[in-house]
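So this one's run-v6.txt, compact mmCIF, C-alpha atoms and all ligand atoms:
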```txt
# COMPACT_ATOMS: atom_id res chain seq x y z
CA MET A 1 15.47 -23.98 -24.19
CA PRO A 2 16.38 -25.01 -27.73
CA GLU A 3 19.79 -23.62 -28.75
CA LEU A 4 21.57 -23.62 -32.09
CA PRO A 5 21.96 -27.43 -32.44
CA GLU A 6 18.28 -28.06 -31.68
CA VAL A 7 17.03 -25.26 -33.94
CA GLU A 8 19.38 -26.32 -36.75
CA THR A 9 18.17 -29.92 -36.45
CA ILE A 10 14.58 -28.73 -36.83
CA ARG A 11 15.56 -26.43 -39.70
CA ARG A 12 17.07 -29.30 -41.66
CA GLN A 13 13.97 -31.41 -41.11
CA LEU A 14 11.62 -28.61 -42.24
CA ASP A 15 13.79 -27.54 -45.17
CA ALA A 16 13.74 -31.12 -46.48
CA VAL A 17 9.96 -31.21 -46.81
CA LEU A 18 8.46 -27.70 -47.01
CA PRO A 19 9.97 -25.74 -49.94
CA GLY A 20 7.61 -25.54 -52.92
CA ALA A 21 4.44 -25.88 -50.87
CA ARG A 22 1.96 -23.01 -50.74
CA ILE A 23 0.12 -21.95 -47.58
CA VAL A 24 -3.63 -22.02 -48.33
CA ALA A 25 -5.02 -21.49 -44.84
CA ALA A 26 -3.62 -20.52 -41.44
CA GLY A 27 -4.69 -20.01 -37.87
CA ALA A 28 -3.04 -18.64 -34.75
CA HIS A 29 -3.46 -17.94 -31.06
CA PRO A 30 -4.75 -14.35 -30.65
CA SER A 31 -1.69 -13.26 -28.62
CA ALA A 32 0.41 -10.62 -30.42
CA LYS A 33 3.32 -13.07 -30.11
CA PHE A 34 1.67 -15.47 -32.56
CA ALA A 35 -1.22 -13.75 -34.36
CA THR A 36 0.71 -12.53 -37.41
CA ALA A 37 1.38 -16.16 -38.39
CA THR A 38 -1.88 -16.07 -40.33
CA THR A 39 -0.62 -13.32 -42.66
CA ALA A 40 1.63 -15.88 -44.38
CA LYS A 41 -1.48 -17.29 -46.06
CA GLY A 42 -1.24 -17.23 -49.85
CA ALA A 43 2.56 -17.37 -49.96
CA ALA A 44 4.67 -20.32 -51.06
CA ILE A 45 7.67 -21.50 -49.04
CA ASP A 46 11.04 -21.09 -50.78
CA ALA A 47 13.45 -22.25 -48.06
CA VAL A 48 13.87 -22.66 -44.32
CA ARG A 49 16.99 -20.93 -42.99
CA ARG A 50 18.34 -20.18 -39.51
CA ARG A 51 20.09 -17.33 -37.70
CA GLY A 52 21.11 -18.10 -34.13
CA LYS A 53 18.08 -19.64 -32.47
CA TYR A 54 15.65 -18.18 -35.03
CA LEU A 55 14.05 -20.09 -37.90
CA LEU A 56 13.64 -17.92 -41.00
CA VAL A 57 11.13 -19.21 -43.54
CA ASP A 58 11.57 -17.48 -46.90
CA LEU A 59 8.22 -16.79 -48.56
CA ASP A 60 7.88 -16.22 -52.32
CA ASP A 61 6.31 -12.77 -51.87
CA GLY A 62 9.40 -11.05 -50.42
CA ARG A 63 8.57 -11.70 -46.78
CA GLU A 64 9.97 -13.96 -44.07
CA LEU A 65 8.08 -15.99 -41.51
CA ILE A 66 10.23 -15.93 -38.37
CA VAL A 67 9.84 -18.42 -35.53
CA HIS A 68 11.61 -18.44 -32.16
CA LEU A 69 10.90 -21.66 -30.28
CA GLY A 70 11.14 -20.10 -26.81
CA MET A 71 11.36 -22.85 -24.19
CA THR A 72 8.87 -25.42 -25.41
CA GLY A 73 8.09 -24.60 -29.05
CA ALA A 74 7.89 -27.62 -31.36
CA PHE A 75 6.89 -28.30 -34.95
CA SER A 76 4.99 -31.25 -36.32
CA ILE A 77 3.54 -31.97 -39.73
CA ALA A 78 0.11 -33.58 -39.95
CA THR A 79 -0.88 -35.42 -43.09
CA GLY A 80 -4.57 -35.52 -43.94
CA SER A 81 -6.96 -36.00 -41.04
CA GLU A 82 -5.56 -39.29 -39.69
CA HIS A 83 -3.51 -37.84 -36.85
CA GLY A 84 -2.03 -34.65 -35.48
CA GLY A 85 -3.38 -31.25 -36.44
CA PRO A 86 -4.12 -28.32 -34.15
CA GLY A 87 -4.39 -29.26 -30.46
CA PRO A 88 -4.78 -27.53 -27.07
CA TYR A 89 -1.23 -26.11 -27.11
CA THR A 90 -1.18 -25.16 -30.78
CA ARG A 91 -0.16 -21.50 -31.19
CA ALA A 92 -0.15 -21.47 -34.99
CA TRP A 93 -0.87 -23.78 -37.92
CA TRP A 94 -0.48 -23.50 -41.66
CA GLU A 95 -2.39 -25.70 -44.10
CA LEU A 96 -0.49 -26.42 -47.31
CA ASP A 97 -1.81 -26.91 -50.84
CA ASP A 98 -0.77 -30.58 -50.77
CA GLY A 99 -3.03 -31.39 -47.81
CA ARG A 100 -0.39 -31.30 -45.08
CA THR A 101 -0.70 -29.05 -42.04
CA VAL A 102 2.36 -27.57 -40.31
CA VAL A 103 1.60 -27.22 -36.59
CA PHE A 104 3.49 -25.12 -34.03
CA ASP A 105 2.79 -26.13 -30.43
CA ASP A 106 4.19 -24.21 -27.45
CA THR A 107 2.91 -25.18 -24.01
CA ARG A 108 4.76 -22.46 -22.05
CA ARG A 109 4.19 -19.72 -24.67
CA PHE A 110 7.69 -18.23 -24.55
CA GLY A 111 7.91 -18.66 -28.33
CA ARG A 112 7.41 -15.93 -30.88
CA ILE A 113 6.24 -15.74 -34.50
CA ALA A 114 6.53 -12.74 -36.82
CA VAL A 115 6.04 -12.14 -40.53
CA VAL A 116 8.29 -9.34 -41.77
CA ASP A 117 9.66 -7.94 -45.02
CA ALA A 118 12.73 -10.02 -45.86
CA GLY A 119 15.69 -8.91 -43.75
CA ASP A 120 13.77 -6.28 -41.77
CA TYR A 121 14.30 -7.40 -38.18
CA ARG A 122 13.61 -4.08 -36.42
CA SER A 123 10.64 -5.59 -34.56
CA LEU A 124 12.90 -8.39 -33.21
CA PRO A 125 15.79 -6.63 -31.41
CA THR A 126 17.73 -9.78 -30.45
CA LEU A 127 17.67 -11.02 -34.05
CA HIS A 128 18.46 -7.53 -35.34
CA ASP A 129 21.60 -7.27 -33.16
CA LEU A 130 22.68 -10.90 -33.42
CA GLY A 131 26.39 -11.69 -33.44
CA PRO A 132 28.13 -13.85 -36.06
CA GLU A 133 27.19 -17.47 -36.70
CA PRO A 134 29.61 -19.74 -34.80
CA PHE A 135 30.54 -21.80 -37.89
CA ASP A 136 31.08 -18.70 -40.05
CA PRO A 137 34.78 -17.92 -40.72
CA VAL A 138 34.18 -14.32 -39.55
CA PHE A 139 33.72 -15.70 -36.02
CA THR A 140 37.35 -15.84 -34.89
CA PRO A 141 38.95 -16.00 -31.41
CA LYS A 142 39.89 -12.33 -31.81
CA VAL A 143 36.30 -11.35 -32.61
CA LEU A 144 35.09 -13.27 -29.54
CA TRP A 145 37.76 -11.67 -27.38
CA GLU A 146 36.82 -8.16 -28.49
CA ALA A 147 33.10 -8.83 -27.93
CA LEU A 148 33.62 -10.20 -24.42
CA ARG A 149 36.19 -7.75 -23.11
CA SER A 150 34.27 -4.69 -24.30
CA THR A 151 31.78 -4.98 -21.40
CA ARG A 152 32.03 -5.36 -17.66
CA ARG A 153 29.41 -8.07 -17.55
CA ARG A 154 30.16 -11.62 -16.53
CA LEU A 155 31.54 -13.54 -19.51
CA LYS A 156 28.69 -16.05 -19.60
CA THR A 157 26.03 -13.33 -19.29
CA GLN A 158 27.54 -11.49 -22.22
CA LEU A 159 27.79 -14.72 -24.23
CA LEU A 160 24.09 -15.44 -23.62
CA SER A 161 23.16 -11.96 -24.91
CA GLN A 162 23.70 -13.43 -28.42
CA ARG A 163 25.92 -10.49 -29.40
CA PRO A 164 29.39 -12.12 -29.23
CA VAL A 165 28.11 -15.12 -31.18
CA ALA A 166 24.67 -16.36 -32.23
CA GLY A 167 22.92 -19.45 -30.92
CA VAL A 168 24.61 -20.25 -27.58
CA GLY A 169 22.31 -20.73 -24.57
CA ASN A 170 22.77 -22.09 -21.07
CA ILE A 171 23.63 -25.69 -21.94
CA TYR A 172 26.28 -25.09 -24.60
CA ALA A 173 27.71 -22.11 -22.69
CA ASP A 174 28.40 -24.28 -19.62
CA GLU A 175 29.95 -26.93 -21.85
CA ALA A 176 32.13 -24.38 -23.66
CA PHE A 177 33.45 -22.68 -20.48
CA TRP A 178 34.20 -26.07 -18.93
CA SER A 179 36.01 -27.24 -22.03
CA ALA A 180 38.01 -23.96 -22.18
CA GLN A 181 38.84 -24.07 -18.46
CA VAL A 182 37.58 -20.50 -18.10
CA HIS A 183 35.39 -19.47 -15.16
CA PRO A 184 32.01 -18.26 -16.52
CA ALA A 185 31.55 -15.63 -13.78
CA ARG A 186 34.78 -13.78 -14.67
CA ARG A 187 34.47 -10.32 -16.21
CA THR A 188 37.79 -10.27 -18.03
CA LEU A 189 39.69 -12.73 -20.18
CA THR A 190 43.02 -12.99 -21.95
CA LEU A 191 43.41 -13.68 -25.65
CA PRO A 192 44.62 -17.26 -24.97
CA GLN A 193 41.49 -17.82 -22.84
CA ALA A 194 39.36 -16.42 -25.67
CA GLU A 195 41.07 -18.82 -28.08
CA ARG A 196 40.18 -21.77 -25.84
CA LEU A 197 36.63 -20.51 -25.33
CA HIS A 198 36.17 -20.06 -29.08
CA ALA A 199 37.26 -23.67 -29.63
CA GLY A 200 34.99 -24.79 -26.77
CA ILE A 201 31.95 -23.03 -28.25
CA VAL A 202 32.46 -24.43 -31.74
CA GLU A 203 33.17 -27.92 -30.38
CA ALA A 204 30.16 -27.96 -28.02
CA LEU A 205 27.77 -26.80 -30.75
CA ARG A 206 29.18 -29.22 -33.32
CA GLN A 207 28.84 -32.12 -30.88
CA GLY A 208 25.26 -31.05 -30.11
CA LEU A 209 24.46 -30.92 -33.80
CA ASP A 210 26.04 -34.33 -34.40
CA GLY A 211 23.82 -35.71 -31.62
CA GLY A 212 20.65 -34.26 -33.16
CA GLY A 213 20.31 -31.81 -30.24
CA THR A 214 19.94 -32.14 -26.49
CA THR A 215 16.62 -33.38 -25.09
CA LEU A 216 16.37 -32.63 -21.37
CA ARG A 217 12.60 -32.52 -21.25
CA ASP A 218 10.71 -30.85 -24.07
CA TYR A 219 12.87 -30.68 -27.18
CA ARG A 220 11.74 -32.93 -30.03
CA GLY A 221 12.49 -33.06 -33.72
CA VAL A 222 9.72 -32.48 -36.29
CA ASP A 223 9.01 -36.24 -36.30
CA GLY A 224 8.81 -36.32 -32.49
CA SER A 225 12.25 -37.88 -32.04
CA ARG A 226 14.54 -36.97 -29.13
CA GLY A 227 18.11 -35.73 -29.43
CA GLU A 228 21.06 -37.79 -28.18
CA ASN A 229 23.41 -35.09 -26.91
CA GLN A 230 22.08 -35.17 -23.33
CA PHE A 231 24.14 -38.36 -22.87
CA ARG A 232 27.35 -36.58 -23.92
CA LEU A 233 27.28 -33.46 -21.71
CA ALA A 234 30.44 -33.03 -19.66
CA CYS A 235 29.32 -30.19 -17.38
CA TYR A 236 25.75 -28.88 -17.76
CA GLY A 237 23.39 -30.50 -15.26
CA ARG A 238 26.19 -32.51 -13.58
CA ARG A 239 26.32 -30.64 -10.27
CA GLY A 240 27.90 -32.82 -7.57
CA LEU A 241 29.21 -35.36 -10.08
CA PRO A 242 32.97 -35.71 -10.65
CA CYS A 243 34.64 -33.47 -13.22
CA HIS A 244 35.68 -35.60 -16.18
CA ARG A 245 39.06 -33.84 -16.18
CA CYS A 246 40.12 -33.51 -12.51
CA GLU A 247 37.48 -35.54 -10.62
CA ALA A 248 36.54 -32.66 -8.26
CA PRO A 249 32.77 -32.52 -7.77
CA LEU A 250 31.20 -29.96 -10.12
CA GLU A 251 29.50 -26.99 -8.47
CA ALA A 252 26.51 -24.87 -9.46
CA ALA A 253 25.57 -21.28 -8.69
CA VAL A 254 23.14 -18.67 -9.96
CA TRP A 255 24.55 -15.53 -11.59
CA ASP A 256 22.41 -12.94 -13.38
CA GLY A 257 19.42 -15.25 -12.99
CA ARG A 258 20.94 -18.26 -14.75
CA THR A 259 22.11 -21.47 -13.09
CA THR A 260 25.68 -22.23 -14.04
CA THR A 261 27.57 -25.48 -13.50
CA PHE A 262 31.37 -25.35 -13.36
CA CYS A 263 34.49 -26.98 -11.90
CA HIS A 264 36.04 -24.83 -9.17
CA ARG A 265 39.33 -26.66 -9.57
CA CYS A 266 40.05 -26.59 -13.30
CA GLN A 267 38.07 -23.47 -14.25
CA GLY A 268 39.69 -21.43 -11.51
CA PRO A 269 38.34 -19.78 -8.36
CA THR A 270 35.00 -18.01 -8.38
CA PRO A 271 35.52 -14.23 -8.69
CA ARG A 272 34.49 -12.20 -5.63
CA ARG A 273 32.20 -10.02 -7.72
ZN ZN A 301 37.80 -30.14 -13.03
```

Before anything else, please render the file you have as structure tokens.
Amino acid sequence: MPELPEVETIRRQLDAVLPGARIVAAGAHPSAKFATATTAKGAAIDAVRRRGKYLLVDLDDGRELIVHLGMTGAFSIATGSEHGGPGPYTRAWWELDDGRTVVFDDTRRFGRIAVVDAGDYRSLPTLHDLGPEPFDPVFTPKVLWEALRSTRRRLKTQLLSQRPVAGVGNIYADEAFWSAQVHPARRTLTLPQAERLHAGIVEALRQGLDGGGTTLRDYRGVDGSRGENQFRLACYGRRGLPCHRCEAPLEAAVWDGRTTTFCHRCQGPTPRR
């Protein structure tokens, strides 16, 4: 699933080419998850922003077009009729006044599109309750510590809720816990552990962003290019391979429905519950 580095990479690519264009026609899959995409017709695009894993497209009529990529959502831009355009997995498309068509494909259909009044996220609870951006100065180790110790959930499960910090999913969470030497199935943590985890989160996301995102299977940039970060992962997906720090084989287990890879030696013993 695309996480902050992948969504931010796509945001930069869209924001470089879309502002100023006006949407003159639009179509969408009839599912309620996508259908409102057509209501953006008539508006011009001012900017493409991001919050967590959400793309926020500012329209010039006081509304926002919001896109969550789900697991397999991808954007492409078709020019004229030579190539591209709506296909069998297209869930929404927007034709622009300069002849280009912005296409949103999503084979698995876990994505979501909504058009809302600017800043009104009540129909999107995860976005509405999103924690701070990881690169924002308000996201401090203390803030992370408070957000994680205020629940009895497993630390990783709480991190993935998007409330302690926005934009971290399974890949970057495993990387961050490994880097911090904190066991992801713990339910408590000390302030020094929170300080290391904070550094691990910021570092993992920054490395992902520098690599243009992580392409395990589906993720592509707007131009179809793959990310490079999959070659730099230290923990995620490396079950059975030696830990880069202590050489013990990494282990994997499922907690709260999510597969987690970790080092039993340098991240500490697995909690009993
Ligand atoms: Zn280790």

Selection as number ranges by chain: residues within 9 Å of ligand ZN 301 (chain A) by all atoms listed in the file | A: 178, 181, 242-250, 262-267

Kindly export the residues of the current selection with C-alpha atoms, as a PDB file, in the coordinates of the input.
```
ATOM      1  CA  TRP A 178      34.200 -26.070 -18.930  1.00  0.00           C
ATOM      2  CA  GLN A 181      38.840 -24.070 -18.460  1.00  0.00           C
ATOM      3  CA  PRO A 242      32.970 -35.710 -10.650  1.00  0.00           C
ATOM      4  CA  CYS A 243      34.640 -33.470 -13.220  1.00  0.00           C
ATOM      5  CA  HIS A 244      35.680 -35.600 -16.180  1.00  0.00           C
ATOM      6  CA  ARG A 245      39.060 -33.840 -16.180  1.00  0.00           C
ATOM      7  CA  CYS A 246      40.120 -33.510 -12.510  1.00  0.00           C
ATOM      8  CA  GLU A 247      37.480 -35.540 -10.620  1.00  0.00           C
ATOM      9  CA  ALA A 248      36.540 -32.660  -8.260  1.00  0.00           C
ATOM     10  CA  PRO A 249      32.770 -32.520  -7.770  1.00  0.00           C
ATOM     11  CA  LEU A 250      31.200 -29.960 -10.120  1.00  0.00           C
ATOM     12  CA  PHE A 262      31.370 -25.350 -13.360  1.00  0.00           C
ATOM     13  CA  CYS A 263      34.490 -26.980 -11.900  1.00  0.00           C
ATOM     14  CA  HIS A 264      36.040 -24.830  -9.170  1.00  0.00           C
ATOM     15  CA  ARG A 265      39.330 -26.660  -9.570  1.00  0.00           C
ATOM     16  CA  CYS A 266      40.050 -26.590 -13.300  1.00  0.00           C
ATOM     17  CA  GLN A 267      38.070 -23.470 -14.250  1.00  0.00           C
TER      18      GLN A 267
END
```

Compare A:Gly52, A:Asp46, A:His183, A:Gly268 by their minimum atom-to-atom distance to A:Leu205, counting all atoms listed in the file, and give me the closest one.
->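 The closest residue to A:Leu205 is A:Gly52.
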
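Nearest-residue note for A:Leu155: choosing from A:Leu56, A:Pro271, A:Arg51, A:Ile66, the minimum distance belongs to A:Pro271, counting all atoms listed in the file.
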
For the atom pair atom CA of A:Met71 and atom CA of A:Leu144, what is the interatomic distance in Å to one decimal place?
->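 So the two atoms, atom CA of A:Met71 and atom CA of A:Leu144, lie 26.1 Å apart.
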
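Candidate residues A:Asp15, A:Arg108, A:Gly119, A:Ser161 were compared for distance to A:Gly131, and the nearest is A:Ser161, using all atoms listed in the file.
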
Contacts of A:Ala43 at 9 Å or less, counting all atoms listed in the file, minus same-chain residues fewer than 6 places along, as a list of chain:residue names?
-> A:Ala21, A:Arg22, A:Ile23, A:Val24, A:Leu59, A:Asp60, A:Asp61, A:Arg63

Smallest atom-to-atom distance to A:Pro134: which of A:Ala26, A:Val116, A:Ala166, A:Leu241, using only C-alpha atoms?
->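 Going through A:Ala26, A:Val116, A:Ala166, A:Leu241 one by one, the smallest distance to A:Pro134 is for A:Ala166.
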
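When atom CA of A:Leu216 is paired with atom CA of A:Ala252, their separation reads 17.5 Å.
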
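Residue neighbourhood of A:Asp223, excluding near-sequence residues (fewer than 6 positions): Gln13, Phe75, Ser76 and Ile77 of chain A, at 9 Å, using only C-alpha atoms.
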
Hey, which of A:Val17, A:Val115, A:Ala176, A:Leu233 ends up closest to A:Gly211? Count all atoms listed in the file.
->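 For A:Gly211, the nearest of the candidates is A:Leu233.
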
Would you mind listing what lies within 9 Å of stretch 135-142 of chain A as a ChimeraX atom specification, with only C-alpha atoms counted and same-chain residues fewer than 6 positions away left out?
-> /A:164-165,191-192,194-199,202,206

Shell of 12 Å around A:Ala78, only C-alpha atoms, local chain residues under 4 positions omitted, as a tab-separated table (two decimals) with C-alpha atoms, in the coordinates of the input:
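Dumped to selection.tsv:
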```
chain	number	residue	atom	x	y	z
A	82	GLU	CA	-5.56	-39.29	-39.69
A	83	HIS	CA	-3.51	-37.84	-36.85
A	84	GLY	CA	-2.03	-34.65	-35.48
A	85	GLY	CA	-3.38	-31.25	-36.44
A	86	PRO	CA	-4.12	-28.32	-34.15
A	87	GLY	CA	-4.39	-29.26	-30.46
A	93	TRP	CA	-0.87	-23.78	-37.92
A	94	TRP	CA	-0.48	-23.50	-41.66
A	95	GLU	CA	-2.39	-25.70	-44.10
A	96	LEU	CA	-0.49	-26.42	-47.31
A	98	ASP	CA	-0.77	-30.58	-50.77
A	99	GLY	CA	-3.03	-31.39	-47.81
A	100	ARG	CA	-0.39	-31.30	-45.08
A	101	THR	CA	-0.70	-29.05	-42.04
A	102	VAL	CA	2.36	-27.57	-40.31
A	103	VAL	CA	1.60	-27.22	-36.59
A	104	PHE	CA	3.49	-25.12	-34.03
A	222	VAL	CA	9.72	-32.48	-36.29
A	223	ASP	CA	9.01	-36.24	-36.30
A	224	GLY	CA	8.81	-36.32	-32.49
```

Determine, counting only C-alpha atoms, which protein, DNA and RNA residues have an atom within 10 Å of an atom of A:Ala35; residues of the same chain fewer than 4 positions away are not included. Present the result as JSON, numbers by chain.
-> {"A": [27, 28, 29, 30, 31, 39, 91, 92, 112, 113, 114, 115]}

Could you state the separation of atom CA of A:Leu124 and atom CA of A:Val67 in Å, given to one decimal place?
->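 Value for the atom CA of A:Leu124-atom CA of A:Val67 distance: 10.7 Å.
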
A:Thr151, A:Thr126, A:Ser225, A:Thr188 ranked by distance to A:Gly213, top pick (using all atoms listed in the file) |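 Ranked by minimum distance to A:Gly213, first place goes to A:Ser225.
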
Name the residues, using the chain letters and numbers of the file, that sit within 12 Å of (23.3, -36.2, -27.2) when counting only C-alpha atoms, and give them as a list in words.
->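 It turns out the residues near that spot are Pro5, Glu6, Ile171, Tyr172, Ala204, Leu205, Arg206, Gln207, Gly208, Leu209, Asp210, Gly211, Gly212, Gly213, Thr214, Thr215, Leu216, Tyr219, Arg226, Gly227, Glu228, Asn229, Gln230, Phe231, Arg232, Leu233 and Ala234 of chain A.
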
Name the residues, using the chain letters and numbers of the file, that sit within 7 Å of (38.5, -9.8, -20.3) when counting only C-alpha atoms, and give them as number ranges by chain.
-> A: 148-149, 187-190
